[in-house]
Amino acid sequence: MKINKKSILLFLSVLGPGLITANVDNDAGGIATYSVAGATFGYSLLWTLIPITVALVVVQEMCARMGVVSGKSLADMIRENFGVKVTAYLMLFLLLADLGNTVAEFAGWASAMEIFGVSKYISVPIGALLVWWLVVKGSYKFVEKVFLFACTIYLTYIVSAVLAHPPWGEIMLATVTPSFELKPSYLMMIVGVVGTTIAPWMQFYIQSAVVEKGIRVEEYKASRLDVIVGCIMTDVVAFFIIVACGATMFVKGVHIEDAKDAAVALAPLAGKYASALFAIGLANASLFAASILPLATAYYVCEAMGWESGVDHDFKSAPQFMWLYTGLIVLGALIILIPNAPLIAIMLLSQVVNGALLPFVLIFMLILVNKTELMGEYVNSKSFNIIAWITVIVMIVLTLALVVQTILQ
């Protein structure tokens with residue numbers, strides 16, 4: 001088979017937005033959810049990753065396509081088509097949700113570094129300074145390269161799973177065989193696993209990143225491949241997290257509450273290297289997401305308000321963008337450092353707000369992507385619309401269930 005070097009170079013030139021956005025989905029909260037799923041229910045939830053991947057591809061591809069064809073961000077398009085008032089309310093709630101999410105990421109970073117004996121009063125300020133410096137002082141190309149490198153560190157979870165020596169035959173069978181238990185805890189865990197997949201900020205970030213990268217319509221197919229590769233990679237990582245915890249903690253009946261517990265529990269069950277790699281993965285994922293979430297928030301708030309935005313700007317040319325990014329990082333880090341801060345309440349509240357906003361964002365997207373005057377020949381096909389609406393309806397139902405579960409907790 002002849003390798004088309006031109007196609008490979010084109011793909012590499014547009015690589016980034018899809019891969020980065022999907023991988024950030026495996027943040028501290030996502031890793032905790034997958035860890036608990038594996039430790040509590042073994043391999044029985046692996047089959048959910050197949051429809052989850054399809055859902056992620058469908059939603060992310062639509063946003064990437066809108067960015068390529070329109071040259072506008074999602075926040076821009078919502079403001080122009082649904083009005084300033086709707087956009088302002090949407091931005092306000094997204095801002096609050098993402099502050100809670102940023103706190104959660106710094107909490108994950110602090111937990112991971114505590115495994116290595118580093119106090120949060122040292123690790124959190126250093127982590128906050130690193131992510132601030134990266135975006136404020138770096139160019140878009142440099143920042144994207146750092147983020148792409150961070151994506152490769154997720155491979156540590158694959159190694160952790162292999163070191164646990166799981167029964168691969170049983171795992172492959174569980175992956176392709178849907179299974180259900182009528183226990184409330186099992187059903188809620190399904191909701192949790194699916195509900196961590198698609199968050200409102202992801203749609204805004206990927207479209208803004210595609211626009212800032214300057215991907216053209218003729219490069220759309222390569223951009224779509226970037227999205228698909230990113231979505232597959234993020235759920236492959238989720239697969240191996242569940243496998244690592246299922247092959248060790250579930251088998252031994254070890255109960256865990258979060259990803260830090262999983263990393264610590266792996267040491268006696270799968271060896272110190274598996275434990276260290278799992279902790280490194282958690283640290284990387286948390287700091288990676290602590291960079292992206294404030295960045296995504298700064299993008300969509302500034303774009304919705306018509307202010308200058310982008311990593312290639314500075315405090316002089318895009319003051320609102322840079323100060324908003326800085327403020328979110330400073331607040332997120334400070335909240336973690338407050339003694340007895342209600343971290344759980346903040347994280348749960350942000351999850352509820354995310355869940356409540358997701359239906360609106362997904363419906364706005366589907367209306368926009370089907371407008372011929374905006375998308376021309378790149379509107380959704382009839383078959384894609386059917387898949388997209390089913391995905392949206394299922395995601396809305398499951399996310400609302402997650403919101404109800406969170407409120408009840």
# chains A, B, ... in the order shown; residues from 1 in each chain; ligands from 1

$ select_by_dssp --residues "stretch 90-262 of chain A" --states "helix (DSSP H, G or I)" --output "compact mmCIF listing (two decimals) with N, CA and C atoms, in the first residue's frame"
# COMPACT_ATOMS: atom_id res chain seq x y z
N LEU A 90 -26.08 32.18 29.65
CA LEU A 90 -25.33 30.95 29.39
C LEU A 90 -23.88 31.10 29.85
N MET A 91 -23.26 32.23 29.51
CA MET A 91 -21.86 32.47 29.87
C MET A 91 -21.69 32.57 31.39
N LEU A 92 -22.64 33.21 32.06
CA LEU A 92 -22.55 33.36 33.52
C LEU A 92 -22.54 32.00 34.21
N PHE A 93 -23.47 31.13 33.83
CA PHE A 93 -23.54 29.81 34.46
C PHE A 93 -22.35 28.94 34.08
N LEU A 94 -21.87 29.05 32.85
CA LEU A 94 -20.69 28.30 32.44
C LEU A 94 -19.46 28.76 33.22
N LEU A 95 -19.37 30.06 33.45
CA LEU A 95 -18.24 30.61 34.21
C LEU A 95 -18.23 30.05 35.63
N LEU A 96 -19.38 30.00 36.27
CA LEU A 96 -19.48 29.46 37.62
C LEU A 96 -19.15 27.97 37.65
N ALA A 97 -19.67 27.24 36.67
CA ALA A 97 -19.40 25.80 36.60
C ALA A 97 -17.92 25.52 36.41
N ASP A 98 -17.29 26.31 35.53
CA ASP A 98 -15.88 26.06 35.24
C ASP A 98 -14.96 26.47 36.38
N LEU A 99 -15.39 27.42 37.21
CA LEU A 99 -14.61 27.73 38.41
C LEU A 99 -14.60 26.51 39.32
N GLY A 100 -15.77 25.89 39.50
CA GLY A 100 -15.85 24.66 40.30
C GLY A 100 -15.02 23.55 39.70
N ASN A 101 -15.05 23.42 38.38
CA ASN A 101 -14.26 22.39 37.70
C ASN A 101 -12.76 22.64 37.89
N THR A 102 -12.36 23.91 37.83
CA THR A 102 -10.94 24.25 38.01
C THR A 102 -10.48 23.89 39.42
N VAL A 103 -11.34 24.16 40.41
CA VAL A 103 -11.04 23.77 41.79
C VAL A 103 -10.83 22.25 41.87
N ALA A 104 -11.71 21.50 41.18
CA ALA A 104 -11.60 20.03 41.18
C ALA A 104 -10.28 19.57 40.58
N GLU A 105 -9.81 20.25 39.54
CA GLU A 105 -8.54 19.86 38.91
C GLU A 105 -7.36 20.12 39.84
N PHE A 106 -7.36 21.26 40.52
CA PHE A 106 -6.28 21.53 41.47
C PHE A 106 -6.34 20.57 42.66
N ALA A 107 -7.55 20.15 43.02
CA ALA A 107 -7.69 19.14 44.08
C ALA A 107 -7.06 17.82 43.64
N GLY A 108 -7.29 17.45 42.38
CA GLY A 108 -6.69 16.23 41.83
C GLY A 108 -5.17 16.32 41.79
N TRP A 109 -4.65 17.49 41.40
CA TRP A 109 -3.20 17.72 41.35
C TRP A 109 -2.60 17.61 42.76
N ALA A 110 -3.28 18.24 43.74
CA ALA A 110 -2.79 18.18 45.12
C ALA A 110 -2.79 16.74 45.64
N SER A 111 -3.85 15.99 45.35
CA SER A 111 -3.95 14.59 45.80
C SER A 111 -2.83 13.74 45.21
N ALA A 112 -2.58 13.93 43.91
CA ALA A 112 -1.54 13.14 43.23
C ALA A 112 -0.17 13.45 43.81
N MET A 113 0.11 14.72 44.07
CA MET A 113 1.43 15.09 44.59
C MET A 113 1.61 14.65 46.05
N GLU A 114 0.50 14.57 46.80
CA GLU A 114 0.59 14.07 48.18
C GLU A 114 1.04 12.62 48.22
N ILE A 115 0.71 11.85 47.17
CA ILE A 115 1.16 10.46 47.08
C ILE A 115 2.69 10.41 47.06
N LYS A 120 0.22 20.10 49.67
CA LYS A 120 -0.56 20.90 48.73
C LYS A 120 -0.17 22.37 48.80
N TYR A 121 0.38 22.82 49.93
CA TYR A 121 0.78 24.22 50.06
C TYR A 121 2.04 24.52 49.23
N ILE A 122 2.69 23.47 48.76
CA ILE A 122 3.83 23.63 47.84
C ILE A 122 3.39 23.32 46.41
N SER A 123 2.70 22.19 46.23
CA SER A 123 2.35 21.73 44.88
C SER A 123 1.35 22.64 44.17
N VAL A 124 0.32 23.12 44.89
CA VAL A 124 -0.73 23.91 44.24
C VAL A 124 -0.21 25.26 43.72
N PRO A 125 0.54 26.04 44.52
CA PRO A 125 1.08 27.29 43.97
C PRO A 125 2.02 27.07 42.78
N ILE A 126 2.85 26.01 42.86
CA ILE A 126 3.76 25.72 41.75
C ILE A 126 2.97 25.33 40.50
N GLY A 127 1.97 24.47 40.68
CA GLY A 127 1.14 24.06 39.55
C GLY A 127 0.39 25.22 38.93
N ALA A 128 -0.17 26.09 39.77
CA ALA A 128 -0.90 27.25 39.27
C ALA A 128 0.01 28.18 38.49
N LEU A 129 1.22 28.39 39.01
CA LEU A 129 2.18 29.26 38.33
C LEU A 129 2.58 28.68 36.97
N LEU A 130 2.78 27.36 36.93
CA LEU A 130 3.16 26.71 35.68
C LEU A 130 2.10 26.87 34.60
N VAL A 131 0.83 26.59 34.93
CA VAL A 131 -0.22 26.66 33.92
C VAL A 131 -0.48 28.11 33.50
N TRP A 132 -0.32 29.05 34.45
CA TRP A 132 -0.49 30.47 34.11
C TRP A 132 0.61 30.92 33.16
N TRP A 133 1.85 30.60 33.49
CA TRP A 133 3.00 31.01 32.68
C TRP A 133 2.91 30.42 31.27
N LEU A 134 2.49 29.17 31.19
CA LEU A 134 2.41 28.48 29.90
C LEU A 134 1.55 29.25 28.91
N VAL A 135 0.35 29.63 29.33
CA VAL A 135 -0.59 30.28 28.41
C VAL A 135 -0.31 31.77 28.24
N VAL A 136 0.00 32.44 29.35
CA VAL A 136 0.20 33.89 29.27
C VAL A 136 1.49 34.25 28.54
N LYS A 137 2.53 33.46 28.71
CA LYS A 137 3.81 33.79 28.10
C LYS A 137 4.09 33.02 26.81
N TYR A 140 0.46 30.26 20.67
CA TYR A 140 -0.49 29.16 20.47
C TYR A 140 0.24 27.88 20.06
N LYS A 141 1.21 28.00 19.15
CA LYS A 141 1.92 26.81 18.66
C LYS A 141 2.68 26.12 19.79
N PHE A 142 3.33 26.92 20.64
CA PHE A 142 4.09 26.35 21.76
C PHE A 142 3.16 25.67 22.76
N VAL A 143 2.07 26.37 23.12
CA VAL A 143 1.10 25.82 24.08
C VAL A 143 0.51 24.52 23.55
N GLU A 144 0.18 24.49 22.27
CA GLU A 144 -0.41 23.29 21.68
C GLU A 144 0.58 22.12 21.73
N LYS A 145 1.87 22.38 21.50
CA LYS A 145 2.87 21.31 21.57
C LYS A 145 2.97 20.74 22.99
N VAL A 146 2.92 21.62 23.98
CA VAL A 146 2.97 21.17 25.39
C VAL A 146 1.74 20.32 25.70
N PHE A 147 0.57 20.77 25.24
CA PHE A 147 -0.67 20.02 25.48
C PHE A 147 -0.64 18.66 24.78
N LEU A 148 -0.10 18.62 23.57
CA LEU A 148 -0.01 17.34 22.85
C LEU A 148 0.94 16.38 23.57
N PHE A 149 2.03 16.91 24.13
CA PHE A 149 2.94 16.07 24.92
C PHE A 149 2.22 15.53 26.15
N ALA A 150 1.39 16.40 26.78
CA ALA A 150 0.63 15.96 27.96
C ALA A 150 -0.30 14.80 27.61
N CYS A 151 -0.82 14.81 26.38
CA CYS A 151 -1.71 13.72 25.94
C CYS A 151 -0.99 12.38 25.97
N THR A 152 0.31 12.38 25.64
CA THR A 152 1.06 11.12 25.58
C THR A 152 1.26 10.51 26.97
N ILE A 153 1.23 11.34 28.02
CA ILE A 153 1.45 10.83 29.38
C ILE A 153 0.28 9.97 29.85
N TYR A 154 -0.87 10.11 29.19
CA TYR A 154 -2.01 9.24 29.53
C TYR A 154 -1.69 7.76 29.26
N LEU A 155 -0.66 7.51 28.47
CA LEU A 155 -0.26 6.12 28.18
C LEU A 155 0.19 5.40 29.45
N THR A 156 0.50 6.15 30.52
CA THR A 156 0.90 5.51 31.77
C THR A 156 -0.20 4.59 32.30
N TYR A 157 -1.46 4.93 32.00
CA TYR A 157 -2.57 4.10 32.47
C TYR A 157 -2.58 2.74 31.75
N ILE A 158 -2.16 2.75 30.51
CA ILE A 158 -2.09 1.49 29.76
C ILE A 158 -1.05 0.56 30.41
N VAL A 159 0.10 1.15 30.74
CA VAL A 159 1.16 0.36 31.37
C VAL A 159 0.71 -0.14 32.74
N SER A 160 0.02 0.72 33.51
CA SER A 160 -0.49 0.30 34.83
C SER A 160 -1.40 -0.91 34.71
N ALA A 161 -2.26 -0.89 33.70
CA ALA A 161 -3.20 -2.00 33.50
C ALA A 161 -2.46 -3.28 33.11
N VAL A 162 -1.47 -3.17 32.24
CA VAL A 162 -0.70 -4.34 31.81
C VAL A 162 0.05 -4.96 32.99
N LEU A 163 0.59 -4.09 33.86
CA LEU A 163 1.33 -4.57 35.03
C LEU A 163 0.43 -5.30 36.03
N TRP A 168 -7.27 -11.07 29.82
CA TRP A 168 -7.67 -10.34 28.61
C TRP A 168 -8.86 -10.96 27.90
N GLY A 169 -8.98 -12.28 27.93
CA GLY A 169 -10.12 -12.94 27.28
C GLY A 169 -11.44 -12.52 27.90
N GLU A 170 -11.47 -12.53 29.23
CA GLU A 170 -12.67 -12.11 29.97
C GLU A 170 -12.98 -10.63 29.71
N ILE A 171 -11.93 -9.85 29.61
CA ILE A 171 -12.09 -8.40 29.39
C ILE A 171 -12.67 -8.12 28.00
N MET A 172 -12.16 -8.79 26.98
CA MET A 172 -12.66 -8.58 25.62
C MET A 172 -14.13 -8.98 25.51
N LEU A 173 -14.49 -10.06 26.19
CA LEU A 173 -15.89 -10.51 26.17
C LEU A 173 -16.79 -9.47 26.85
N ALA A 174 -16.34 -8.94 27.98
CA ALA A 174 -17.13 -7.93 28.70
C ALA A 174 -17.28 -6.64 27.90
N THR A 175 -16.28 -6.34 27.07
CA THR A 175 -16.30 -5.11 26.27
C THR A 175 -17.38 -5.14 25.20
N VAL A 176 -17.66 -6.31 24.65
CA VAL A 176 -18.64 -6.41 23.54
C VAL A 176 -19.97 -7.01 24.00
N PRO A 184 -29.53 0.12 42.18
CA PRO A 184 -29.38 1.57 42.00
C PRO A 184 -27.92 2.01 41.86
N SER A 185 -27.03 1.37 42.62
CA SER A 185 -25.62 1.76 42.57
C SER A 185 -25.02 1.49 41.18
N TYR A 186 -25.44 0.38 40.55
CA TYR A 186 -24.93 0.03 39.22
C TYR A 186 -25.46 1.01 38.18
N LEU A 187 -26.77 1.29 38.24
CA LEU A 187 -27.38 2.21 37.29
C LEU A 187 -26.79 3.61 37.41
N MET A 188 -26.56 4.04 38.64
CA MET A 188 -25.98 5.37 38.86
C MET A 188 -24.53 5.43 38.38
N MET A 189 -23.83 4.29 38.48
CA MET A 189 -22.46 4.28 37.99
C MET A 189 -22.44 4.38 36.46
N ILE A 190 -23.40 3.74 35.78
CA ILE A 190 -23.52 3.90 34.33
C ILE A 190 -23.74 5.37 33.98
N VAL A 191 -24.66 5.99 34.71
CA VAL A 191 -24.94 7.41 34.49
C VAL A 191 -23.68 8.25 34.72
N GLY A 192 -22.93 7.91 35.77
CA GLY A 192 -21.71 8.65 36.07
C GLY A 192 -20.66 8.50 34.98
N VAL A 193 -20.46 7.27 34.49
CA VAL A 193 -19.47 7.02 33.44
C VAL A 193 -19.84 7.76 32.16
N VAL A 194 -21.11 7.70 31.78
CA VAL A 194 -21.55 8.39 30.56
C VAL A 194 -21.57 9.90 30.78
N GLY A 195 -21.99 10.31 31.97
CA GLY A 195 -22.12 11.74 32.25
C GLY A 195 -20.80 12.48 32.29
N PRO A 200 -20.17 20.83 28.72
CA PRO A 200 -20.41 22.01 27.88
C PRO A 200 -19.14 22.72 27.42
N TRP A 201 -18.14 22.84 28.33
CA TRP A 201 -16.94 23.60 27.97
C TRP A 201 -16.21 23.00 26.77
N MET A 202 -16.29 21.66 26.61
CA MET A 202 -15.57 20.98 25.54
C MET A 202 -15.98 21.49 24.16
N GLN A 203 -17.28 21.74 23.99
CA GLN A 203 -17.77 22.15 22.68
C GLN A 203 -17.27 23.55 22.33
N PHE A 204 -17.24 24.43 23.34
CA PHE A 204 -16.74 25.78 23.10
C PHE A 204 -15.25 25.77 22.82
N TYR A 205 -14.51 24.95 23.57
CA TYR A 205 -13.06 24.94 23.42
C TYR A 205 -12.62 24.42 22.06
N ILE A 206 -13.18 23.28 21.64
CA ILE A 206 -12.72 22.70 20.38
C ILE A 206 -13.01 23.63 19.20
N GLN A 207 -14.18 24.30 19.20
CA GLN A 207 -14.49 25.19 18.09
C GLN A 207 -13.58 26.42 18.10
N SER A 208 -13.30 26.95 19.30
CA SER A 208 -12.39 28.10 19.40
C SER A 208 -10.97 27.72 18.97
N ALA A 209 -10.53 26.52 19.37
CA ALA A 209 -9.18 26.07 19.02
C ALA A 209 -9.04 25.86 17.51
N VAL A 210 -10.08 25.32 16.88
CA VAL A 210 -10.07 25.13 15.42
C VAL A 210 -9.98 26.48 14.72
N VAL A 211 -10.74 27.46 15.22
CA VAL A 211 -10.73 28.80 14.62
C VAL A 211 -9.37 29.47 14.81
N GLU A 212 -8.82 29.41 16.04
CA GLU A 212 -7.52 30.07 16.29
C GLU A 212 -6.40 29.39 15.51
N LYS A 213 -6.49 28.10 15.33
CA LYS A 213 -5.46 27.38 14.55
C LYS A 213 -5.54 27.73 13.07
N VAL A 217 -11.39 25.03 5.12
CA VAL A 217 -12.39 24.04 4.69
C VAL A 217 -11.72 22.87 3.96
N GLU A 218 -10.73 23.17 3.15
CA GLU A 218 -10.06 22.11 2.40
C GLU A 218 -9.27 21.16 3.32
N GLU A 219 -9.06 21.55 4.56
CA GLU A 219 -8.37 20.70 5.54
C GLU A 219 -9.36 20.00 6.47
N TYR A 220 -10.65 20.13 6.18
CA TYR A 220 -11.70 19.63 7.08
C TYR A 220 -11.60 18.13 7.34
N LYS A 221 -11.34 17.34 6.29
CA LYS A 221 -11.29 15.88 6.47
C LYS A 221 -10.17 15.49 7.44
N ALA A 222 -9.04 16.17 7.34
CA ALA A 222 -7.93 15.88 8.26
C ALA A 222 -8.29 16.31 9.68
N SER A 223 -9.00 17.43 9.80
CA SER A 223 -9.45 17.91 11.11
C SER A 223 -10.44 16.93 11.74
N ARG A 224 -11.32 16.37 10.90
CA ARG A 224 -12.29 15.38 11.40
C ARG A 224 -11.56 14.15 11.92
N LEU A 225 -10.49 13.74 11.24
CA LEU A 225 -9.70 12.59 11.69
C LEU A 225 -9.05 12.89 13.04
N ASP A 226 -8.61 14.12 13.23
CA ASP A 226 -8.04 14.55 14.52
C ASP A 226 -9.06 14.35 15.64
N VAL A 227 -10.32 14.72 15.36
CA VAL A 227 -11.40 14.56 16.34
C VAL A 227 -11.62 13.08 16.66
N ILE A 228 -11.70 12.26 15.63
CA ILE A 228 -11.97 10.84 15.81
C ILE A 228 -10.84 10.16 16.59
N VAL A 229 -9.59 10.47 16.22
CA VAL A 229 -8.44 9.89 16.92
C VAL A 229 -8.45 10.29 18.39
N GLY A 230 -8.76 11.57 18.66
CA GLY A 230 -8.80 12.05 20.04
C GLY A 230 -9.86 11.35 20.87
N CYS A 231 -11.06 11.18 20.28
CA CYS A 231 -12.16 10.53 21.00
C CYS A 231 -11.85 9.06 21.29
N ILE A 232 -11.25 8.38 20.31
CA ILE A 232 -10.89 6.97 20.52
C ILE A 232 -9.80 6.86 21.59
N MET A 233 -8.81 7.75 21.52
CA MET A 233 -7.70 7.69 22.49
C MET A 233 -8.19 7.90 23.91
N THR A 234 -9.08 8.88 24.10
CA THR A 234 -9.54 9.18 25.46
C THR A 234 -10.31 8.01 26.06
N ASP A 235 -11.07 7.29 25.22
CA ASP A 235 -11.84 6.16 25.77
C ASP A 235 -11.00 4.89 25.87
N VAL A 236 -9.92 4.81 25.10
CA VAL A 236 -8.97 3.71 25.30
C VAL A 236 -8.30 3.87 26.67
N VAL A 237 -7.96 5.11 27.02
CA VAL A 237 -7.38 5.38 28.34
C VAL A 237 -8.38 5.02 29.44
N ALA A 238 -9.64 5.42 29.25
CA ALA A 238 -10.69 5.07 30.23
C ALA A 238 -10.80 3.56 30.38
N PHE A 239 -10.73 2.84 29.26
CA PHE A 239 -10.78 1.37 29.24
C PHE A 239 -9.70 0.79 30.15
N PHE A 240 -8.47 1.28 30.00
CA PHE A 240 -7.36 0.72 30.77
C PHE A 240 -7.40 1.12 32.24
N ILE A 241 -7.99 2.27 32.55
CA ILE A 241 -8.17 2.64 33.97
C ILE A 241 -9.12 1.66 34.64
N ILE A 242 -10.24 1.37 33.97
CA ILE A 242 -11.21 0.41 34.50
C ILE A 242 -10.57 -0.98 34.65
N VAL A 243 -9.80 -1.38 33.64
CA VAL A 243 -9.13 -2.69 33.67
C VAL A 243 -8.14 -2.77 34.84
N ALA A 244 -7.32 -1.72 35.01
CA ALA A 244 -6.32 -1.72 36.09
C ALA A 244 -6.98 -1.88 37.45
N CYS A 245 -8.07 -1.16 37.67
CA CYS A 245 -8.76 -1.23 38.97
C CYS A 245 -9.59 -2.50 39.11
N GLY A 246 -10.16 -2.98 38.01
CA GLY A 246 -10.94 -4.21 38.04
C GLY A 246 -10.08 -5.43 38.31
N ALA A 247 -8.86 -5.45 37.75
CA ALA A 247 -7.97 -6.61 37.89
C ALA A 247 -7.30 -6.68 39.26
N THR A 248 -7.39 -5.60 40.01
CA THR A 248 -6.71 -5.56 41.31
C THR A 248 -7.71 -5.35 42.46
N MET A 249 -8.29 -4.18 42.53
CA MET A 249 -9.17 -3.83 43.65
C MET A 249 -10.47 -4.62 43.67
N PHE A 250 -11.10 -4.77 42.49
CA PHE A 250 -12.36 -5.52 42.44
C PHE A 250 -12.14 -6.98 42.85
N VAL A 251 -11.09 -7.57 42.33
CA VAL A 251 -10.77 -8.97 42.62
C VAL A 251 -10.50 -9.17 44.12
N LYS A 252 -9.84 -8.20 44.74
CA LYS A 252 -9.48 -8.32 46.16
C LYS A 252 -10.53 -7.70 47.09
N ALA A 259 -9.55 8.71 42.83
CA ALA A 259 -8.40 8.26 42.06
C ALA A 259 -7.14 8.14 42.92
N LYS A 260 -7.02 8.98 43.94
CA LYS A 260 -5.86 8.88 44.83
C LYS A 260 -5.87 7.54 45.56
N ASP A 261 -7.04 7.13 46.04
CA ASP A 261 -7.18 5.82 46.68
C ASP A 261 -6.75 4.71 45.74
N ALA A 262 -7.14 4.84 44.46
CA ALA A 262 -6.80 3.81 43.47
C ALA A 262 -5.30 3.71 43.29

$ closest_residue --among "A:Glu61, A:Ala164, A:Pro294, A:Pro178" --to "A:Trp47" --atoms "only C-alpha atoms"
A:Pro178

$ closest_residue --among "A:Leu282, A:Leu337, A:Ile346, A:Leu295" --to "A:Ala28" --atoms "only C-alpha atoms"
A:Leu282
